[in-house]
file structure22.cif (mmCIF, C-alpha atoms and all ligand atoms)
data_entry
loop_
_atom_site.label_atom_id
_atom_site.label_comp_id
_atom_site.auth_asym_id
_atom_site.auth_seq_id
_atom_site.Cartn_x
_atom_site.Cartn_y
_atom_site.Cartn_z
CA MET A 170 158.29 66.40 88.23
CA THR A 171 156.60 68.17 85.34
CA GLN A 172 158.32 68.02 81.99
CA GLN A 173 157.25 69.54 78.76
CA LEU A 174 155.89 67.35 76.04
CA ASP A 175 158.57 67.54 73.38
CA GLN A 176 161.33 66.16 75.65
CA HIS A 177 159.99 62.74 76.44
CA THR A 178 157.30 61.51 74.15
CA SER A 179 159.14 58.67 72.45
CA THR A 180 159.63 56.59 75.61
CA LEU A 181 156.45 57.20 77.56
CA VAL A 182 155.51 54.30 79.78
CA SER A 183 152.46 54.35 82.00
CA VAL A 184 153.94 52.36 84.90
CA ARG A 185 157.53 52.07 86.12
CA TRP A 186 159.29 50.87 89.27
CA HIS A 187 162.31 52.73 90.56
CA GLU A 188 164.08 52.29 93.91
CA ASP A 189 161.12 50.99 95.93
CA THR A 190 158.81 53.58 94.40
CA LEU A 191 155.97 53.10 91.93
CA GLU A 192 155.94 55.82 89.30
CA LEU A 193 152.69 56.36 87.41
CA LEU A 194 152.41 58.58 84.37
CA ASP A 195 149.53 60.90 85.22
CA GLN A 196 147.24 60.17 82.28
CA ARG A 197 144.71 62.75 83.50
CA VAL A 198 146.90 65.61 82.33
CA LEU A 199 148.02 64.18 78.98
CA PRO A 200 148.70 65.29 76.34
CA GLY A 201 149.54 68.75 77.65
CA GLN A 202 151.76 67.74 80.51
CA ILE A 203 154.01 64.79 81.29
CA ASP A 204 154.03 64.13 85.02
CA TYR A 205 155.11 60.99 86.82
CA LEU A 206 153.58 60.63 90.28
CA LYS A 207 155.88 58.87 92.74
CA LEU A 208 153.94 56.55 95.02
CA THR A 209 155.10 54.74 98.13
CA GLU A 210 151.75 53.96 99.81
CA VAL A 211 149.04 51.44 98.92
CA LEU A 212 146.42 54.13 99.55
CA HIS A 213 147.99 56.28 96.84
CA VAL A 214 148.01 53.37 94.40
CA TRP A 215 144.30 52.81 95.10
CA HIS A 216 143.64 56.48 94.30
CA GLY A 217 145.90 56.31 91.24
CA ILE A 218 143.73 53.53 89.84
CA HIS A 219 140.39 54.91 90.99
CA ASP A 220 141.08 58.46 89.78
CA LEU A 221 142.44 57.35 86.35
CA VAL A 222 146.06 58.43 86.87
CA VAL A 223 146.67 54.95 85.46
CA ARG A 224 143.92 53.37 83.39
CA GLY A 225 143.37 50.64 80.82
CA ALA A 226 142.78 47.06 81.93
CA PRO A 227 146.32 45.62 81.73
CA ALA A 228 147.99 48.77 83.13
CA ILE A 229 145.81 48.87 86.24
CA GLY A 230 146.65 45.21 86.88
CA ILE A 231 150.36 45.97 86.61
CA ALA A 232 150.07 49.03 88.89
CA ALA A 233 148.12 47.03 91.48
CA ALA A 234 150.72 44.25 91.45
CA TYR A 235 153.43 46.78 92.32
CA GLY A 236 151.03 48.32 94.86
CA VAL A 237 150.89 45.04 96.76
CA VAL A 238 154.70 45.03 96.97
CA LEU A 239 154.73 48.63 98.22
CA GLY A 240 152.42 47.65 101.07
CA THR A 241 154.96 45.15 102.39
CA LEU A 242 157.93 47.54 102.45
CA ASN A 243 159.37 49.41 105.46
CA LYS A 244 157.52 47.33 108.05
CA GLN A 245 158.67 44.90 110.73
CA TYR A 246 157.09 41.44 110.71
CA ALA A 247 156.84 39.16 113.73
CA ASP A 248 156.58 36.17 111.37
CA ARG A 249 155.91 35.16 107.74
CA ASN A 250 152.17 34.90 108.37
CA GLN A 251 152.04 38.54 109.31
CA TRP A 252 153.79 39.41 106.03
CA LEU A 253 151.32 37.25 104.10
CA ASN A 254 148.36 38.86 105.87
CA GLN A 255 149.66 42.28 104.86
CA VAL A 256 149.74 41.16 101.22
CA ILE A 257 146.23 39.72 101.37
CA THR A 258 144.77 42.79 103.11
CA ASP A 259 146.35 45.19 100.59
CA ALA A 260 145.34 43.04 97.61
CA GLU A 261 141.73 42.97 98.80
CA TYR A 262 141.79 46.73 99.29
CA LEU A 263 143.28 47.42 95.84
CA ALA A 264 140.61 45.19 94.27
CA THR A 265 138.00 47.76 95.31
CA ALA A 266 139.58 50.54 93.22
CA ARG A 267 137.59 49.78 90.03
CA PRO A 268 135.05 47.01 89.31
CA THR A 269 134.97 46.25 85.58
CA ALA A 270 138.44 45.33 84.30
CA VAL A 271 139.08 41.74 85.31
CA ASN A 272 142.84 42.19 84.78
CA LEU A 273 142.93 44.02 88.13
CA PHE A 274 141.62 40.94 89.98
CA TRP A 275 143.70 38.60 87.81
CA ALA A 276 146.93 40.41 88.73
CA LEU A 277 146.02 40.63 92.42
CA ASP A 278 145.13 36.93 92.55
CA ARG A 279 148.47 36.10 90.97
CA MET A 280 150.27 38.23 93.56
CA LYS A 281 148.38 36.56 96.43
CA LEU A 282 149.19 33.13 95.05
CA LYS A 283 152.88 33.99 94.76
CA ALA A 284 152.90 35.47 98.28
CA LYS A 285 151.35 32.28 99.71
CA ALA A 286 153.97 30.15 97.95
CA LEU A 287 156.74 32.41 99.24
CA ALA A 288 155.37 32.39 102.80
CA GLU A 289 155.40 28.58 102.72
CA SER A 290 158.89 28.42 101.21
CA THR A 291 162.30 28.58 102.84
CA CYS A 292 162.87 32.12 101.54
CA PRO A 293 164.30 34.21 104.43
CA ILE A 294 161.70 36.59 105.84
CA HIS A 295 163.73 39.69 104.93
CA ASP A 296 163.82 38.56 101.27
CA LEU A 297 160.09 37.90 100.86
CA SER A 298 159.20 41.33 99.48
CA ALA A 299 162.12 41.35 97.04
CA GLU A 300 160.93 37.96 95.73
CA LEU A 301 157.36 39.24 95.47
CA LEU A 302 158.61 42.23 93.49
CA LEU A 303 159.94 39.79 90.90
CA GLU A 304 156.38 38.55 90.35
CA ALA A 305 155.10 42.11 89.77
CA LYS A 306 157.98 42.68 87.34
CA ALA A 307 157.12 39.41 85.57
CA ILE A 308 153.48 40.50 85.14
CA HIS A 309 154.77 43.79 83.72
CA LEU A 310 157.28 42.23 81.33
CA GLU A 311 154.94 39.49 80.15
CA ASP A 312 152.33 42.09 79.24
CA GLU A 313 154.72 43.66 76.76
CA GLU A 314 155.34 40.29 75.07
CA VAL A 315 151.64 39.45 75.12
CA CYS A 316 150.74 42.75 73.48
CA ARG A 317 153.31 42.25 70.76
CA SER A 318 151.86 38.80 70.02
CA ILE A 319 148.34 40.25 69.88
CA GLY A 320 149.67 42.78 67.39
CA GLU A 321 151.24 40.05 65.23
CA HIS A 322 147.96 38.13 65.05
CA ALA A 323 145.85 41.24 64.47
CA LEU A 324 148.12 42.59 61.76
CA GLY A 325 147.19 39.61 59.57
CA LEU A 326 143.66 41.04 59.40
CA PHE A 327 144.80 44.39 57.99
CA HIS A 328 146.34 45.42 54.70
CA ASP A 329 148.20 48.42 53.35
CA GLY A 330 146.05 51.51 52.91
CA MET A 331 143.20 50.21 55.10
CA GLY A 332 141.12 52.54 57.28
CA VAL A 333 140.65 51.32 60.86
CA LEU A 334 138.48 52.85 63.56
CA THR A 335 139.22 52.53 67.28
CA HIS A 336 137.58 53.74 70.48
CA CYS A 337 138.99 54.78 73.86
CA ASN A 338 142.67 53.97 74.42
CA ALA A 339 143.88 50.40 74.15
CA GLY A 340 147.44 51.44 73.36
CA GLY A 341 150.83 51.51 75.00
CA LEU A 342 149.47 53.82 77.68
CA ALA A 343 146.87 51.22 78.69
CA THR A 344 149.40 48.37 78.86
CA ALA A 345 153.12 47.73 79.39
CA ARG A 346 153.82 48.61 75.73
CA TYR A 347 152.20 48.46 72.27
CA GLY A 348 148.66 48.08 73.62
CA THR A 349 146.10 45.56 72.45
CA ALA A 350 143.93 47.21 69.79
CA LEU A 351 146.76 49.60 68.87
CA ALA A 352 149.48 46.92 68.75
CA PRO A 353 148.86 46.07 65.06
CA MET A 354 149.12 49.76 64.22
CA TYR A 355 152.58 49.99 65.78
CA LEU A 356 153.72 46.79 64.09
CA ALA A 357 152.30 48.01 60.77
CA LYS A 358 154.30 51.20 61.16
CA GLU A 359 157.48 49.20 61.90
CA ARG A 360 156.94 47.20 58.70
CA GLY A 361 156.03 50.03 56.37
CA ILE A 362 152.35 49.06 56.13
CA ASN A 363 150.21 52.19 56.05
CA LEU A 364 147.03 52.10 58.10
CA LYS A 365 144.73 55.09 58.31
CA VAL A 366 143.53 55.10 61.88
CA TYR A 367 140.41 56.99 62.96
CA ALA A 368 140.30 57.60 66.72
CA ASP A 369 137.00 58.34 68.44
CA GLU A 370 137.52 61.12 70.97
CA THR A 371 135.65 58.96 73.54
CA ARG A 372 133.38 61.01 75.73
CA PRO A 373 133.29 61.80 78.56
CA VAL A 374 136.96 61.46 79.62
CA LEU A 375 138.43 61.77 76.10
CA GLN A 376 140.86 58.84 76.23
CA GLY A 377 140.70 58.75 72.42
CA ALA A 378 141.58 62.41 71.92
CA ARG A 379 144.02 62.82 74.79
CA LEU A 380 145.72 59.41 74.70
CA THR A 381 145.14 57.42 71.49
CA ALA A 382 145.52 60.36 69.12
CA PHE A 383 148.55 61.46 71.13
CA GLU A 384 150.43 58.18 71.28
CA LEU A 385 149.77 57.26 67.64
CA GLN A 386 150.77 60.71 66.45
CA GLN A 387 153.99 60.51 68.46
CA ALA A 388 154.76 57.18 66.78
CA GLY A 389 154.17 58.65 63.34
CA VAL A 390 151.04 56.59 62.64
CA ASP A 391 148.52 58.21 60.29
CA VAL A 392 145.75 59.07 62.78
CA THR A 393 142.65 61.22 62.39
CA LEU A 394 140.63 62.31 65.41
CA ILE A 395 136.83 62.32 65.19
CA CYS A 396 134.02 63.01 67.64
CA ASP A 397 132.18 59.87 68.73
CA ASN A 398 129.06 60.92 66.85
CA MET A 399 130.97 61.01 63.54
CA ALA A 400 131.67 57.27 63.42
CA ALA A 401 128.47 56.49 61.48
CA MET A 402 129.34 58.96 58.76
CA VAL A 403 132.95 57.76 58.59
CA MET A 404 131.62 54.24 57.95
CA GLN A 405 128.95 55.42 55.50
CA LYS A 406 131.63 57.21 53.48
CA GLY A 407 133.70 54.02 53.31
CA LEU A 408 136.65 55.53 55.18
CA VAL A 409 137.15 52.51 57.42
CA GLN A 410 137.15 48.80 56.61
CA ALA A 411 137.49 47.53 60.19
CA VAL A 412 136.85 48.50 63.79
CA ILE A 413 139.22 47.28 66.51
CA VAL A 414 138.87 47.93 70.23
CA GLY A 415 140.28 46.64 73.50
CA THR A 416 138.22 45.26 76.33
CA ASP A 417 138.06 45.24 80.11
CA ARG A 418 136.38 41.86 80.41
CA VAL A 419 135.23 39.13 78.06
CA ALA A 420 132.48 36.90 79.49
CA ALA A 421 132.46 33.14 78.84
CA ASN A 422 129.93 33.55 76.02
CA GLY A 423 132.03 36.22 74.24
CA ASP A 424 130.06 39.27 75.39
CA VAL A 425 132.56 42.09 75.73
CA ALA A 426 132.70 45.00 78.19
CA ASN A 427 134.61 48.03 76.98
CA LYS A 428 134.53 51.81 77.21
CA ILE A 429 131.07 53.32 76.93
CA GLY A 430 130.23 53.83 73.27
CA THR A 431 131.79 50.56 72.11
CA TYR A 432 128.42 48.82 71.78
CA GLY A 433 127.13 51.63 69.56
CA LEU A 434 130.16 51.24 67.30
CA ALA A 435 129.58 47.49 67.05
CA VAL A 436 125.97 48.06 65.98
CA LEU A 437 127.13 50.61 63.40
CA ALA A 438 129.82 48.25 62.13
CA LYS A 439 127.24 45.49 61.61
CA ALA A 440 124.91 47.90 59.80
CA HIS A 441 127.74 48.82 57.44
CA ASN A 442 129.02 45.26 57.03
CA ILE A 443 132.36 46.15 58.61
CA PRO A 444 134.20 43.60 60.80
CA PHE A 445 134.29 44.41 64.50
CA TYR A 446 137.41 43.06 66.21
CA VAL A 447 138.23 42.89 69.92
CA ALA A 448 141.87 42.57 70.99
CA CYS A 449 142.83 41.39 74.48
CA PRO A 450 145.20 39.25 76.49
CA VAL A 451 143.88 35.95 77.86
CA SER A 452 143.97 37.59 81.31
CA THR A 453 140.97 39.67 80.21
CA ILE A 454 138.84 36.56 79.59
CA ASP A 455 136.64 35.80 82.58
CA MET A 456 135.27 32.28 82.26
CA ASP A 457 133.65 32.64 85.71
CA THR A 458 131.24 35.26 84.34
CA PRO A 459 128.82 33.42 82.04
CA ASN A 460 127.54 36.45 80.11
CA GLY A 461 127.89 40.20 79.78
CA GLU A 462 124.83 41.03 81.88
CA LEU A 463 126.77 39.77 84.88
CA ILE A 464 129.81 42.02 84.31
CA PRO A 465 129.84 44.79 86.94
CA ILE A 466 129.69 48.13 85.15
CA GLU A 467 131.43 51.04 86.85
CA GLU A 468 129.44 54.26 87.20
CA ARG A 469 131.58 57.34 87.58
CA HIS A 470 131.09 60.79 89.02
CA GLU A 471 128.56 63.08 87.33
CA SER A 472 131.15 65.85 86.99
CA GLU A 473 132.73 63.90 84.10
CA ILE A 474 129.61 64.84 82.12
CA THR A 475 128.55 68.15 83.63
CA GLU A 476 131.97 69.77 83.47
CA ALA A 477 134.66 70.09 80.83
CA PHE A 478 138.10 70.71 82.34
CA GLY A 479 136.70 72.57 85.30
CA THR A 480 134.07 74.58 83.39
CA ARG A 481 130.42 73.75 84.04
CA THR A 482 128.74 72.69 80.78
CA ALA A 483 125.33 71.54 82.09
CA PRO A 484 122.71 73.14 84.35
CA SER A 485 123.30 72.60 88.04
CA GLY A 486 121.01 70.01 89.60
CA ILE A 487 120.63 68.09 86.31
CA LYS A 488 120.20 64.31 86.63
CA VAL A 489 123.18 62.43 85.17
CA TYR A 490 123.77 58.80 84.20
CA ASN A 491 127.47 58.03 83.69
CA PRO A 492 128.28 54.35 83.10
CA ALA A 493 131.97 54.08 82.18
CA PHE A 494 131.55 50.86 80.16
CA ASP A 495 128.99 49.06 78.06
CA VAL A 496 128.59 45.46 76.97
CA THR A 497 128.69 44.45 73.32
CA PRO A 498 126.74 41.21 72.79
CA ASN A 499 128.86 38.47 71.24
CA ASP A 500 126.89 38.34 67.97
CA TYR A 501 128.30 41.77 67.06
CA VAL A 502 131.88 40.57 67.50
CA THR A 503 133.63 39.25 64.38
CA ALA A 504 136.69 37.89 66.20
CA ILE A 505 138.57 38.13 69.49
CA ILE A 506 142.31 38.48 68.99
CA THR A 507 144.51 37.15 71.80
CA GLU A 508 148.22 36.47 72.18
CA HIS A 509 147.43 32.83 71.32
CA GLY A 510 145.63 33.56 68.10
CA ILE A 511 142.30 34.66 66.68
CA LEU A 512 139.10 33.29 68.20
CA LYS A 513 136.02 33.00 66.00
CA PRO A 514 132.35 32.51 66.91
CA PRO A 515 130.74 30.62 68.48
CA PHE A 516 132.76 32.17 71.30
CA HIS A 517 131.38 30.02 74.10
CA ILE A 518 133.20 27.17 72.35
CA SER A 519 136.38 28.93 71.14
CA LEU A 520 136.92 30.64 74.50
CA LYS A 521 136.39 27.39 76.38
CA GLU A 522 138.77 25.53 74.08
CA LEU A 523 141.54 28.10 74.47
CA THR A 524 141.25 28.49 78.24
CA THR A 525 141.07 24.73 78.79
CA LYS A 526 144.13 24.19 76.61
CA LEU A 527 146.07 26.82 78.58
CA GLN A 528 145.06 25.28 81.93
CA HIS A 529 146.58 21.97 80.85
CA LYS A 530 149.84 23.48 79.63
O1 LIG B 601 138.26 53.86 81.88
P1 LIG B 601 139.48 53.35 81.17
O2 LIG B 601 140.23 54.43 80.48
O3 LIG B 601 140.34 52.50 82.07
O4 LIG B 601 138.92 52.38 80.04
C1 LIG B 601 139.83 51.68 79.25
C2 LIG B 601 139.20 50.89 78.18
O5 LIG B 601 138.00 50.82 78.05
C3 LIG B 601 140.13 50.11 77.29
O6 LIG B 601 139.58 49.97 76.01
C4 LIG B 601 140.33 48.71 77.89
O7 LIG B 601 140.75 48.81 79.22
C5 LIG B 601 141.33 47.93 77.12
S1 LIG B 601 142.99 48.53 77.40
C6 LIG B 601 144.07 47.55 76.53
#
call {"tool": "encode", "arguments": {"input": "structure22.cif", "output": "structure tokens"}}
result
Amino acid sequence: MTQQLDQHTSTLVSVRWHEDTLELLDQRVLPGQIDYLKLTEVLHVWHGIHDLVVRGAPAIGIAAAYGVVLGTLNKQYADRNQWLNQVITDAEYLATARPTAVNLFWALDRMKLKAKALAESTCPIHDLSAELLLEAKAIHLEDEEVCRSIGEHALGLFHDGMGVLTHCNAGGLATARYGTALAPMYLAKERGINLKVYADETRPVLQGARLTAFELQQAGVDVTLICDNMAAMVMQKGLVQAVIVGTDRVAANGDVANKIGTYGLAVLAKAHNIPFYVACPVSTIDMDTPNGELIPIEERHESEITEAFGTRTAPSGIKVYNPAFDVTPNDYVTAIITEHGILKPPFHISLKELTTKLQHK
């Protein structure tokens, strides 16, 4: 199912459901190739998440939610408990695909909760999976609305002609649509506000070059690609007036885990007196993790650093350290932008206030 780039770029979605099949845009081969992998097995969804076919915190949550549904299909169940056990087993398995983005666990918990409610309901056994699919679709659809709201709030921080730096990919490809950090850029474009976006290439997997530069360029946003080590000079020259990134998990004190290199950018932003914004849905806030030191940081295979697209670029036998994420301490964060508004420091208070208010809604 390979298609060439120029045919499809305007409507690229990272996750879609079609006739009992989960289709994932293979983000590993972007921007050169547009391939949708068709998945019907939970095992394949696990690999899709683990191997970065689908990536970005909200998108992996959405994919996993559909994965749970897939696991229930084409099986015979003696009773509703057996169906529920299948859901729980598959959800626990999918939760092992990647450790850092809390959206994965958030989405799986929501699916388990829905499955339990369905199993205890009067829903006929043969309709349980169809009902569960509606929950996965709701997670998917809500993410699009949430991202648009994040964009609305974030756009208020930007003005025409402003330079904005971003890292990794927190765009439409990482979410249902719009993205988190990139949402204001899309809304700005819609409204004729010109932002000059600088995209870090984002070593080692190049999500910035392959995905952010690609999706913004396709949307006609003014985007300039830089190597990660150029960010300091871009700031020194006054080319950017804000940094905005996504996140995989916000701890209760406002420490923020995001793609490796984010912390360095935050330090640079502070040194240059540039605001450092983090955009995320509330589902990325983890009030059960008190601070960033307790966020599990994924370490990935050494070949991401020792090879570039199949060519060896480092001596064989070299020792490699490859953490996929870092933690930015909360005192480097100017504001956290959610679908419910902009949170300001002290974050242990603003995060608590927001999450408590939402619990009582
Ligand atoms: O390893 P990845 O590509 O999944 O890392 C993604 C990021 O770090 C994103 O910035 C984060 O998930 C936010 S996506 C809206």
call {"tool": "residues_near_ligand", "arguments": {"input": "structure22.cif", "ligand": "ligand LIG 601 (chain B)", "cutoff": "9 Å", "atoms": "all atoms listed in the file", "output": "ChimeraX atom specification"}}
result
/A:218,221,223-229,267,269-270,272,316,336-344,348-351,374-376,414-418,426-429,431,448-450,453,467,493-494
call {"tool": "atom_distance", "arguments": {"input": "structure22.cif", "atom1": "atom CA of Leu297 of chain A", "atom2": "atom CA of His213 of chain A"}}
result
22.4 Å
call {"tool": "residues_around", "arguments": {"input": "structure22.cif", "residues": "Gly407 of chain A", "least_positions_apart": "4", "cutoff": "12 Å", "atoms": "all atoms listed in the file", "output": "list in words"}}
result
Met331, Gly332, Val333, Leu334, Ala400, Ala401, Met402, Val403, Ala411, Ala438, His441, Asn442 and Ile443 of chain A
call {"tool": "write_last_selection", "arguments": {"input": "structure22.cif", "atoms": "C-alpha atoms", "output": "short mmCIF file (atom, residue, chain, number, x, y, z; two decimals), in the frame of the given file"}}
result
data_model
loop_
_atom_site.label_atom_id
_atom_site.label_comp_id
_atom_site.auth_asym_id
_atom_site.auth_seq_id
_atom_site.Cartn_x
_atom_site.Cartn_y
_atom_site.Cartn_z
CA MET A 331 143.20 50.21 55.10
CA GLY A 332 141.12 52.54 57.28
CA VAL A 333 140.65 51.32 60.86
CA LEU A 334 138.48 52.85 63.56
CA ALA A 400 131.67 57.27 63.42
CA ALA A 401 128.47 56.49 61.48
CA MET A 402 129.34 58.96 58.76
CA VAL A 403 132.95 57.76 58.59
CA ALA A 411 137.49 47.53 60.19
CA ALA A 438 129.82 48.25 62.13
CA HIS A 441 127.74 48.82 57.44
CA ASN A 442 129.02 45.26 57.03
CA ILE A 443 132.36 46.15 58.61
#
call {"tool": "residues_around", "arguments": {"input": "structure22.cif", "residues": "Lys513 of chain A", "least_positions_apart": "4", "cutoff": "8 Å", "atoms": "only C-alpha atoms", "output": "MDAnalysis selection string"}}
result
chainID A and resid 503:505 519
call {"tool": "residues_around", "arguments": {"input": "structure22.cif", "residues": "Pro268 of chain A", "least_positions_apart": "3", "cutoff": "9 Å", "atoms": "all atoms listed in the file", "output": "CSV table (one decimal) with C-alpha atoms, in the frame of the given file"}}
result
chain,number,residue,atom,x,y,z
A,264,ALA,CA,140.6,45.2,94.3
A,265,THR,CA,138.0,47.8,95.3
A,271,VAL,CA,139.1,41.7,85.3
A,273,LEU,CA,142.9,44.0,88.1
A,274,PHE,CA,141.6,40.9,90.0
A,464,ILE,CA,129.8,42.0,84.3
A,465,PRO,CA,129.8,44.8,86.9
A,466,ILE,CA,129.7,48.1,85.2
A,467,GLU,CA,131.4,51.0,86.8
call {"tool": "residues_near_point", "arguments": {"input": "structure22.cif", "point": "(127.0, 43.4, 70.8)", "cutoff": "12 Å", "atoms": "all atoms listed in the file", "output": "ChimeraX atom specification"}}
result
/A:419,422-427,430-439,445-447,460-462,495-503
call {"tool": "atom_distance", "arguments": {"input": "structure22.cif", "atom1": "atom CA of Ala323 of chain A", "atom2": "atom CA of Met399 of chain A"}}
result
24.8 Å
call {"tool": "residues_around", "arguments": {"input": "structure22.cif", "residues": "Tyr490 of chain A", "least_positions_apart": "3", "cutoff": "12 Å", "atoms": "all atoms listed in the file", "output": "ChimeraX atom specification"}}
result
/A:373,429,467-475,487,493-494
call {"tool": "write_last_selection", "arguments": {"input": "structure22.cif", "atoms": "C-alpha atoms", "output": "PDB file, in the coordinates of the input"}}
result
ATOM      1  CA  PRO A 373     133.290  61.800  78.560  1.00  0.00           C
ATOM      2  CA  ILE A 429     131.070  53.320  76.930  1.00  0.00           C
ATOM      3  CA  GLU A 467     131.430  51.040  86.850  1.00  0.00           C
ATOM      4  CA  GLU A 468     129.440  54.260  87.200  1.00  0.00           C
ATOM      5  CA  ARG A 469     131.580  57.340  87.580  1.00  0.00           C
ATOM      6  CA  HIS A 470     131.090  60.790  89.020  1.00  0.00           C
ATOM      7  CA  GLU A 471     128.560  63.080  87.330  1.00  0.00           C
ATOM      8  CA  SER A 472     131.150  65.850  86.990  1.00  0.00           C
ATOM      9  CA  GLU A 473     132.730  63.900  84.100  1.00  0.00           C
ATOM     10  CA  ILE A 474     129.610  64.840  82.120  1.00  0.00           C
ATOM     11  CA  THR A 475     128.550  68.150  83.630  1.00  0.00           C
ATOM     12  CA  ILE A 487     120.630  68.090  86.310  1.00  0.00           C
ATOM     13  CA  ALA A 493     131.970  54.080  82.180  1.00  0.00           C
ATOM     14  CA  PHE A 494     131.550  50.860  80.160  1.00  0.00           C
TER      15      PHE A 494
END
